[in-house]
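Note: the block below is coords14.txt and it holds compact mmCIF, C-alpha atoms.
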# COMPACT_ATOMS: atom_id res chain seq x y z
CA ALA A 660 0.00 0.00 0.00
CA ARG A 661 2.86 2.38 0.82
CA LEU A 662 4.51 1.63 -2.52
CA ALA A 663 1.26 2.28 -4.37
CA ALA A 664 0.79 5.56 -2.49
CA ALA A 665 4.36 6.58 -3.30
CA ARG A 666 3.85 5.80 -6.98
CA ARG A 667 0.72 7.99 -7.01
CA ARG A 668 2.64 10.78 -5.24
CA LEU A 669 5.46 10.56 -7.79
CA HIS A 670 2.95 10.81 -10.62
CA ALA A 671 1.07 13.70 -8.99
CA ASP A 672 4.33 15.63 -8.58
CA PHE A 673 5.13 15.00 -12.25
CA CYS A 674 1.74 16.20 -13.49
CA GLY A 675 1.76 19.20 -11.18
CA LYS A 676 5.03 20.47 -12.68
CA LEU A 677 4.11 20.06 -16.35
CA ARG A 678 4.17 23.00 -18.72
CA VAL A 679 0.45 23.41 -19.32
CA ILE A 680 -1.22 25.75 -21.79
CA LYS A 681 -4.71 26.58 -20.55
CA ILE A 682 -7.21 27.55 -23.27
CA GLU A 683 -9.43 30.17 -21.65
CA LYS A 684 -11.93 31.27 -24.31
CA ILE A 685 -12.56 31.53 -28.02
CA LEU A 686 -12.18 34.96 -29.64
CA VAL A 687 -12.72 34.16 -33.34
CA ASN A 688 -14.61 31.14 -34.71
CA ASN A 689 -14.37 31.27 -38.49
CA LEU A 690 -12.08 28.47 -39.71
CA GLY A 691 -11.58 28.74 -43.46
CA GLY A 692 -14.07 31.61 -43.57
CA LYS A 693 -16.90 29.08 -43.14
CA GLY A 694 -18.35 30.52 -39.94
CA PRO A 695 -20.13 30.66 -37.68
CA ASP A 696 -18.44 34.10 -37.22
CA LYS A 697 -18.47 34.81 -40.95
CA ASP A 698 -17.66 38.52 -40.57
CA ALA A 699 -14.46 37.70 -38.65
CA PRO A 700 -10.99 36.82 -40.05
CA PRO A 701 -10.83 33.30 -41.59
CA TYR A 702 -9.34 31.30 -38.71
CA MET A 703 -9.98 30.27 -35.11
CA LEU A 704 -8.39 32.35 -32.34
CA PHE A 705 -8.25 31.57 -28.63
CA GLU A 706 -7.07 33.38 -25.52
CA VAL A 707 -4.70 31.14 -23.56
CA THR A 708 -2.64 31.24 -20.41
CA MET A 709 0.87 29.91 -20.94
CA SER A 710 2.80 27.80 -18.45
CA ASP A 711 4.53 30.91 -17.05
CA GLN A 712 1.07 32.51 -16.50
CA THR A 713 1.49 35.03 -19.31
CA LYS A 714 -1.36 35.56 -21.76
CA ALA A 715 -1.07 34.60 -25.43
CA HIS A 716 -3.24 33.98 -28.46
CA LEU A 717 -3.57 30.56 -30.05
CA LYS A 718 -4.38 30.65 -33.76
CA VAL A 719 -5.71 27.59 -35.59
CA ASP A 720 -5.63 28.06 -39.36
CA ASN A 721 -6.15 25.83 -42.39
CA PHE A 722 -3.51 25.58 -45.13
CA THR A 723 -5.69 23.43 -47.42
CA ASP A 724 -9.34 23.77 -48.40
CA TYR A 725 -11.73 23.28 -45.51
CA LEU A 726 -15.08 21.66 -46.34
CA PRO A 727 -17.18 21.32 -43.19
CA HIS A 728 -20.62 19.71 -42.89
CA GLU A 729 -21.61 22.71 -40.81
CA THR A 730 -19.66 24.87 -38.40
CA LYS A 731 -22.07 25.62 -35.56
CA ASP A 732 -20.37 22.92 -33.46
CA ASN A 733 -16.84 24.21 -34.11
CA GLY A 734 -15.53 25.86 -30.98
CA LEU A 735 -14.33 25.20 -27.45
CA TYR A 736 -15.66 22.54 -25.06
CA GLY A 737 -13.97 22.88 -21.70
CA GLU A 738 -10.40 23.17 -22.98
CA TRP A 739 -10.97 20.94 -26.02
CA ILE A 740 -10.95 22.64 -29.42
CA SER A 741 -13.51 21.02 -31.74
CA ILE A 742 -13.38 20.97 -35.56
CA ILE A 743 -16.08 19.39 -37.75
CA LEU A 744 -15.33 17.97 -41.20
CA GLN A 745 -17.48 16.80 -44.10
CA GLU A 746 -17.27 13.05 -44.74
CA GLY A 747 -14.78 12.01 -47.41
CA GLN A 748 -12.68 15.15 -46.92
CA GLU A 749 -9.44 16.18 -45.22
CA VAL A 750 -7.99 19.46 -44.05
CA GLY A 751 -4.47 20.63 -43.24
CA LEU A 752 -4.30 22.61 -39.99
CA VAL A 753 -1.61 24.55 -38.16
CA ALA A 754 -1.65 25.79 -34.56
CA THR A 755 0.57 28.75 -33.62
CA PHE A 756 0.95 31.01 -30.58
CA HIS A 757 1.30 34.79 -30.62
CA ASP A 758 1.98 37.70 -28.27
CA PRO A 759 -1.33 39.62 -28.07
CA GLU A 760 0.44 42.93 -27.31
CA LYS A 761 3.33 42.78 -29.79
CA ASP A 762 1.81 40.75 -32.61
CA GLU A 763 -1.68 41.98 -33.39
CA ASN A 764 -1.35 40.80 -37.01
CA LEU A 765 -0.47 37.24 -35.91
CA THR A 766 2.66 37.04 -38.06
CA GLU A 767 5.39 36.27 -35.48
CA ASN A 768 5.07 32.78 -34.02
CA LEU A 769 6.09 32.23 -30.42
CA THR A 770 8.07 29.12 -29.53
CA ILE A 771 5.63 26.60 -28.08
CA PRO A 772 6.63 25.58 -24.53
CA GLN A 773 8.00 22.04 -24.51
CA GLY A 774 4.91 20.47 -23.02
CA TYR A 775 2.19 18.20 -24.36
CA MET A 776 -0.65 18.13 -26.89
CA THR A 777 -3.55 15.68 -26.91
CA PHE A 778 -5.90 14.69 -29.74
CA GLY A 779 -9.14 12.93 -28.87
CA ASP A 780 -12.28 11.54 -30.47
CA ILE A 781 -10.40 9.73 -33.28
CA ASP A 782 -13.00 7.16 -34.32
CA ALA A 783 -15.25 6.18 -37.25
CA GLY A 784 -18.83 6.39 -38.50
CA ALA A 785 -21.29 3.60 -39.16
CA ASN A 786 -20.74 3.62 -42.93
CA GLY A 787 -16.99 3.33 -43.18
CA GLU A 788 -16.01 6.93 -42.37
CA LYS A 789 -12.75 6.04 -40.64
CA GLU A 790 -11.02 9.15 -39.36
CA PHE A 791 -7.32 9.75 -39.62
CA LEU A 792 -4.93 12.17 -37.97
CA MET A 793 -1.58 12.73 -39.69
CA VAL A 794 0.87 14.59 -37.46
CA ALA A 795 4.14 16.14 -38.61
CA LYS A 796 7.21 15.42 -36.51
CA PHE A 797 6.81 18.33 -34.09
CA PHE A 798 6.79 15.86 -31.20
CA GLU A 799 9.38 13.59 -29.52
CA HIS A 800 7.10 10.79 -28.34
CA TYR A 801 3.44 9.86 -28.48
CA TYR A 802 1.40 8.04 -25.84
CA ILE A 803 -1.58 5.81 -26.57
CA GLY A 804 -3.35 3.37 -24.29
CA ASP A 805 -2.51 -0.30 -23.94
CA HIS A 806 -6.10 -0.99 -25.02
CA THR A 807 -6.12 1.62 -27.77
CA MET A 808 -8.65 1.59 -30.60
CA LEU A 809 -6.23 3.49 -32.84
CA GLN A 810 -4.17 2.02 -35.64
CA VAL A 811 -0.76 3.70 -35.98
CA GLU A 812 1.36 4.13 -39.08
CA ASP A 813 4.86 5.52 -38.50
CA HIS A 814 6.53 7.30 -41.41
CA PHE A 815 9.76 9.28 -41.68
CA PHE A 816 8.17 12.75 -41.74
CA ALA A 817 4.83 12.07 -40.05
CA THR A 818 2.81 9.61 -37.97
CA THR A 819 -0.77 8.70 -38.85
CA PHE A 820 -3.42 7.57 -36.37
CA TRP A 821 -6.54 5.83 -37.73
CA GLY A 822 -9.83 5.63 -35.87
CA THR A 823 -11.53 2.23 -35.95
CA HIS A 824 -14.35 2.37 -33.40
CA ARG A 825 -17.81 3.35 -34.67
CA GLU A 826 -19.24 6.22 -32.67
CA PHE A 827 -21.74 9.05 -33.18
CA GLY A 828 -20.52 11.80 -30.87
CA HIS A 829 -21.75 10.45 -27.53
CA ASP A 830 -18.28 10.12 -25.99
CA ASN A 831 -16.59 13.32 -27.13
CA PRO A 832 -14.17 14.70 -24.50
CA ARG A 833 -15.44 18.02 -23.24
CA HIS A 834 -13.89 18.59 -19.82
CA HIS A 835 -10.75 20.41 -18.75
CA GLY A 836 -7.34 19.00 -19.57
CA HIS A 837 -6.50 17.63 -16.11
CA ASP A 838 -10.02 16.47 -15.36
CA VAL A 839 -11.38 12.99 -15.97
CA MET A 840 -11.66 10.99 -19.20
CA GLY A 841 -13.74 7.89 -19.73
CA VAL A 842 -12.27 4.55 -20.74
CA GLN A 843 -13.64 4.85 -24.28
CA GLN A 844 -12.31 8.40 -24.60
CA LYS A 845 -8.79 7.32 -23.64
CA LYS A 846 -8.89 4.41 -26.07
CA LYS A 847 -9.42 6.92 -28.89
CA ALA A 848 -6.89 9.56 -27.82
CA VAL A 849 -3.18 10.22 -28.27
CA THR A 850 -0.91 12.55 -26.27
CA MET A 851 2.32 13.92 -27.73
CA SER A 852 5.35 15.36 -25.98
CA LEU A 853 6.36 18.42 -27.96
CA ALA A 854 9.89 18.74 -29.31
CA PRO A 855 12.06 21.74 -28.32
CA ASP A 856 12.04 24.96 -30.36
CA VAL A 857 8.77 24.20 -32.17
CA LYS A 858 6.89 27.25 -33.48
CA ALA A 859 4.00 25.50 -35.23
CA ALA A 860 2.04 22.29 -34.69
CA THR A 861 1.05 21.06 -38.15
CA PHE A 862 -1.36 18.20 -38.78
CA ARG A 863 -4.01 16.85 -41.14
CA PHE A 864 -7.43 15.59 -40.14
CA GLY A 865 -9.61 13.63 -42.51
CA CYS A 866 -12.03 10.75 -42.97
CA LEU A 867 -13.02 8.24 -45.61
CA LYS A 868 -16.24 8.53 -47.60
CA GLY A 869 -19.53 7.73 -45.93
CA ARG A 870 -22.71 9.41 -44.77
CA SER A 871 -21.90 11.24 -41.56
CA PRO A 872 -19.61 14.21 -40.80
CA ARG A 873 -16.72 13.65 -38.42
CA GLU A 874 -15.11 15.62 -35.62
CA ILE A 875 -11.76 15.88 -33.85
CA ARG A 876 -10.89 17.56 -30.56
CA PHE A 877 -7.51 18.62 -29.18
CA ASN A 878 -5.87 20.61 -26.40
CA PHE A 879 -2.43 21.28 -24.91
CA HIS A 880 -2.53 18.99 -21.88
CA ALA A 881 -0.93 15.61 -21.14
CA ALA A 882 -4.35 13.96 -20.96
CA MET A 883 -3.22 10.36 -21.56
CA LEU A 884 -0.61 10.75 -18.82
CA CYS A 885 -2.39 12.87 -16.24
CA SER A 886 -6.19 12.80 -16.66
CA GLN A 887 -7.83 10.37 -14.29
CA THR A 888 -9.84 7.52 -15.80
CA ARG A 889 -13.55 7.03 -15.18
CA MET A 890 -14.05 3.28 -15.28
CA LEU A 891 -17.23 1.71 -16.65
CA SER A 892 -18.28 1.05 -13.05
CA GLY A 893 -18.04 4.77 -12.33
CA LYS A 894 -14.91 4.42 -10.21
CA ILE A 895 -12.20 7.06 -10.75
CA VAL A 896 -8.60 5.82 -10.90
CA ASP A 897 -5.25 7.49 -11.44
CA ALA A 898 -3.95 7.65 -15.02
CA MET A 899 -0.95 5.47 -14.14
CA GLU A 900 -2.89 2.98 -12.00
CA THR A 901 -2.21 -0.54 -13.25
CA GLY A 902 -4.89 -3.19 -13.51
CA GLN A 903 -8.65 -2.75 -12.99
CA GLY A 904 -9.09 -2.37 -16.75
CA ASN A 905 -7.46 1.06 -16.77
CA VAL A 906 -6.16 2.41 -20.10
CA PHE A 907 -2.46 2.57 -19.24
CA PRO A 908 -0.29 4.83 -21.47
CA ARG A 909 2.47 3.35 -23.61
CA VAL A 910 5.42 5.28 -25.04
CA ASP A 911 5.25 5.29 -28.84
CA GLY A 912 2.67 2.54 -28.53
CA LYS A 913 5.30 0.07 -27.25
CA GLU A 914 6.76 0.15 -23.76
CA ALA A 915 4.61 0.96 -20.76
CA ALA A 916 5.16 4.48 -19.47
CA ASP A 917 7.06 4.74 -16.18
CA SER A 918 8.96 7.36 -14.19
CA ALA A 919 12.08 7.05 -16.34
CA SER A 920 10.33 7.26 -19.71
CA LEU A 921 8.31 10.26 -18.49
CA ASN A 922 11.35 11.94 -16.89
CA MET A 923 9.50 12.20 -13.58
CA CYS A 924 12.72 12.30 -11.58
CA ASN A 925 15.29 15.09 -11.68
CA GLY A 926 18.67 14.99 -13.40
CA THR A 927 19.93 13.50 -16.63
CA ASP A 928 20.47 9.97 -15.26
CA CYS A 929 17.02 8.88 -14.14
CA PRO A 930 17.19 5.89 -11.74
CA PRO A 931 14.80 2.95 -12.07
CA GLU A 932 11.23 3.61 -10.99
CA GLU A 933 11.49 1.28 -8.02
CA GLU A 934 14.47 3.25 -6.65
CA VAL A 935 12.62 6.56 -6.93
CA ILE A 936 9.51 5.12 -5.25
CA LEU A 937 11.55 3.64 -2.42
CA GLN A 938 13.10 7.07 -1.80
CA LEU A 939 9.60 8.50 -1.42
CA VAL A 940 8.54 5.69 0.93
CA ASP A 941 11.61 6.20 3.12
Step by step, read the file and then write its structure as C-alpha cells.
Amino acid sequence: ARLAAARRRLHADFCGKLRVIKIEKILVNNLGGKGPDKDAPPYMLFEVTMSDQTKAHLKVDNFTDYLPHETKDNGLYGEWISIILQEGQEVGLVATFHDPEKDENLTENLTIPQGYMTFGDIDAGANGEKEFLMVAKFFEHYYIGDHTMLQVEDHFFATTFWGTHREFGHDNPRHHGHDVMGVQQKKKAVTMSLAPDVKAATFRFGCLKGRSPREIRFNFHAAMLCSQTRMLSGKIVDAMETGQGNVFPRVDGKEAADSASLNMCNGTDCPPEEEVILQLVD
C-alpha cells in the first residue's frame, strides 16, 4: 500500500510540474471563412494562459481547403478545441501562438513551450467513415493506451493515427485537460510530448467517404498521462494505475510508461522507478 501511495505521489508531482497551456476562451470562430463568425478573419483564435502565467493567443488556421458539414459545433468545449469535417474530406491545420500585445497581425510565431498536446475523439462512423490524424514530426514521443482503438502508421516525416471504433458523438471529450476521461475516450486519444524549439504544430485531419460528418478535438494537456480515468463502473482511478481495466499509457505505442520514460525524476540519469519510489517511501 505504501509503494502504491508513493507511486501515485510521484505521478502527482510529475503532473503538477508540467508546462500546461490553458485555453481560456474563443475569440474568433471562423475556420476557413466558413463561420459561424463569418464577418471575422478566416481562422480560429483563442485566448490562452501559458505555463509561465502570461497571456497569449492561439491561432488555428487551415492551409488546405476546408469543407465542413456545418460549423455551428466548431468551438471550445472545456479546454478541447472542436473541428467538424465533411465526410470524405481532409484538411491541413496549423496551430501557432502569438503575443497579443506585440503581434496583433499574428505574423510572429512564439516558440511553443516544450509540453504536451492531446488529440481525442479519433474514431469512425457507421458507414466506413474512418477518421485519420496525420501529425508532422513536431513531437518527440506519443502516448496511446494499452487498449487503444487506434491504428498507428509511423513514417519518416509524419505519424498517422486511424480511428476504428464506430461512434456518433456520444463520448466526445469536453472537460478540462486535467479532469477525468472515460475509458472509451482514452482508447481513442493520443498525447504527444512536444519537441524543443517548435513554433508551429502542423497536422491533417480527414475521414473516408460515408454518410456522416466527423469531428476531432484537441488541447495542450498531457491527458493520456495525467487525466484520471472514469471506469465503466463509475470508479475514478489514477492515469498510471495498473490493472482494474485502466487504459495505461504506452510510449510510442510500445513500452509501458514509467517514471524514467516520463522523466519524472530530476537529473539527466534517471534511476529505475522502483528506486525513486523507495526514496519516497523512506
Discussion item. For a quick check of understanding, using all atoms listed in the file, which of A:Lys731, A:Lys684, A:Lys796, A:Arg876 has the smallest distance to Phe778 of chain A?
Written reply: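 The answer is A:Arg876, which sits nearest to Phe778 of chain A.
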Worksheet item: For Gly751 of chain A, which of A:Leu792, A:Val906, A:Met776, A:Ile781 is the closest residue, counting all atoms listed in the file?
Response: A:Leu792
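As for atom CA of Met890 of chain A and atom CA of Ser871 of chain A, they are spaced 28.6 Å apart.
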Fill in: Length of the atom CA of Thr730 of chain A to atom CA of Leu752 of chain A vector [Å]
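One can read the atom CA of Thr730 of chain A to atom CA of Leu752 of chain A distance as 15.6 Å.
The smallest atom-to-atom distance between Ile771 of chain A and any of A:Ser741, A:Gln844, A:Ser852, A:Asn733, using all atoms listed in the file, is found for A:Ser852.
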Discussion item. List the spatial neighbours of segment 695-706 of chain A as a ChimeraX atom specification - criterion: any atom at most 12 Å away, only C-alpha atoms, same-chain residues fewer than 6 positions off excluded.
Written reply: /A:680-689,713-722,724-725,727,729-735,738-743,752-759,763-765,878
Writer output for current selection, C-alpha atoms, as a PDB file, keeping the file's coordinate frame:
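Ended up saving to out30.pdb:
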ATOM      1  CA  ILE A 680      -1.220  25.750 -21.790  1.00  0.00           C
ATOM      2  CA  LYS A 681      -4.710  26.580 -20.550  1.00  0.00           C
ATOM      3  CA  ILE A 682      -7.210  27.550 -23.270  1.00  0.00           C
ATOM      4  CA  GLU A 683      -9.430  30.170 -21.650  1.00  0.00           C
ATOM      5  CA  LYS A 684     -11.930  31.270 -24.310  1.00  0.00           C
ATOM      6  CA  ILE A 685     -12.560  31.530 -28.020  1.00  0.00           C
ATOM      7  CA  LEU A 686     -12.180  34.960 -29.640  1.00  0.00           C
ATOM      8  CA  VAL A 687     -12.720  34.160 -33.340  1.00  0.00           C
ATOM      9  CA  ASN A 688     -14.610  31.140 -34.710  1.00  0.00           C
ATOM     10  CA  ASN A 689     -14.370  31.270 -38.490  1.00  0.00           C
ATOM     11  CA  THR A 713       1.490  35.030 -19.310  1.00  0.00           C
ATOM     12  CA  LYS A 714      -1.360  35.560 -21.760  1.00  0.00           C
ATOM     13  CA  ALA A 715      -1.070  34.600 -25.430  1.00  0.00           C
ATOM     14  CA  HIS A 716      -3.240  33.980 -28.460  1.00  0.00           C
ATOM     15  CA  LEU A 717      -3.570  30.560 -30.050  1.00  0.00           C
ATOM     16  CA  LYS A 718      -4.380  30.650 -33.760  1.00  0.00           C
ATOM     17  CA  VAL A 719      -5.710  27.590 -35.590  1.00  0.00           C
ATOM     18  CA  ASP A 720      -5.630  28.060 -39.360  1.00  0.00           C
ATOM     19  CA  ASN A 721      -6.150  25.830 -42.390  1.00  0.00           C
ATOM     20  CA  PHE A 722      -3.510  25.580 -45.130  1.00  0.00           C
ATOM     21  CA  ASP A 724      -9.340  23.770 -48.400  1.00  0.00           C
ATOM     22  CA  TYR A 725     -11.730  23.280 -45.510  1.00  0.00           C
ATOM     23  CA  PRO A 727     -17.180  21.320 -43.190  1.00  0.00           C
ATOM     24  CA  GLU A 729     -21.610  22.710 -40.810  1.00  0.00           C
ATOM     25  CA  THR A 730     -19.660  24.870 -38.400  1.00  0.00           C
ATOM     26  CA  LYS A 731     -22.070  25.620 -35.560  1.00  0.00           C
ATOM     27  CA  ASP A 732     -20.370  22.920 -33.460  1.00  0.00           C
ATOM     28  CA  ASN A 733     -16.840  24.210 -34.110  1.00  0.00           C
ATOM     29  CA  GLY A 734     -15.530  25.860 -30.980  1.00  0.00           C
ATOM     30  CA  LEU A 735     -14.330  25.200 -27.450  1.00  0.00           C
ATOM     31  CA  GLU A 738     -10.400  23.170 -22.980  1.00  0.00           C
ATOM     32  CA  TRP A 739     -10.970  20.940 -26.020  1.00  0.00           C
ATOM     33  CA  ILE A 740     -10.950  22.640 -29.420  1.00  0.00           C
ATOM     34  CA  SER A 741     -13.510  21.020 -31.740  1.00  0.00           C
ATOM     35  CA  ILE A 742     -13.380  20.970 -35.560  1.00  0.00           C
ATOM     36  CA  ILE A 743     -16.080  19.390 -37.750  1.00  0.00           C
ATOM     37  CA  LEU A 752      -4.300  22.610 -39.990  1.00  0.00           C
ATOM     38  CA  VAL A 753      -1.610  24.550 -38.160  1.00  0.00           C
ATOM     39  CA  ALA A 754      -1.650  25.790 -34.560  1.00  0.00           C
ATOM     40  CA  THR A 755       0.570  28.750 -33.620  1.00  0.00           C
ATOM     41  CA  PHE A 756       0.950  31.010 -30.580  1.00  0.00           C
ATOM     42  CA  HIS A 757       1.300  34.790 -30.620  1.00  0.00           C
ATOM     43  CA  ASP A 758       1.980  37.700 -28.270  1.00  0.00           C
ATOM     44  CA  PRO A 759      -1.330  39.620 -28.070  1.00  0.00           C
ATOM     45  CA  GLU A 763      -1.680  41.980 -33.390  1.00  0.00           C
ATOM     46  CA  ASN A 764      -1.350  40.800 -37.010  1.00  0.00           C
ATOM     47  CA  LEU A 765      -0.470  37.240 -35.910  1.00  0.00           C
ATOM     48  CA  ASN A 878      -5.870  20.610 -26.400  1.00  0.00           C
TER      49      ASN A 878
END
Discussion item. Report, in Å to a single decimal, how far apart atom CA of Thr850 of chain A and atom CA of Tyr775 of chain A are.
Written reply: 6.7 Å
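All protein and nucleic acid residues in the vicinity of (-14.5, 3.0, -43.2), that is within 10 Å when counting all atoms listed in the file, are A:Gly747, A:Asp782, A:Ala783, A:Gly784, A:Ala785, A:Asn786, A:Gly787, A:Glu788, A:Lys789, A:Glu790, A:Gly822, A:Thr823, A:His824, A:Arg825, A:Cys866, A:Leu867, A:Lys868, A:Gly869.
Counting all atoms listed in the file, the residue from A:Phe907, A:Phe879, A:Phe816, A:Phe864 that sits nearest to Tyr802 of chain A is A:Phe907.
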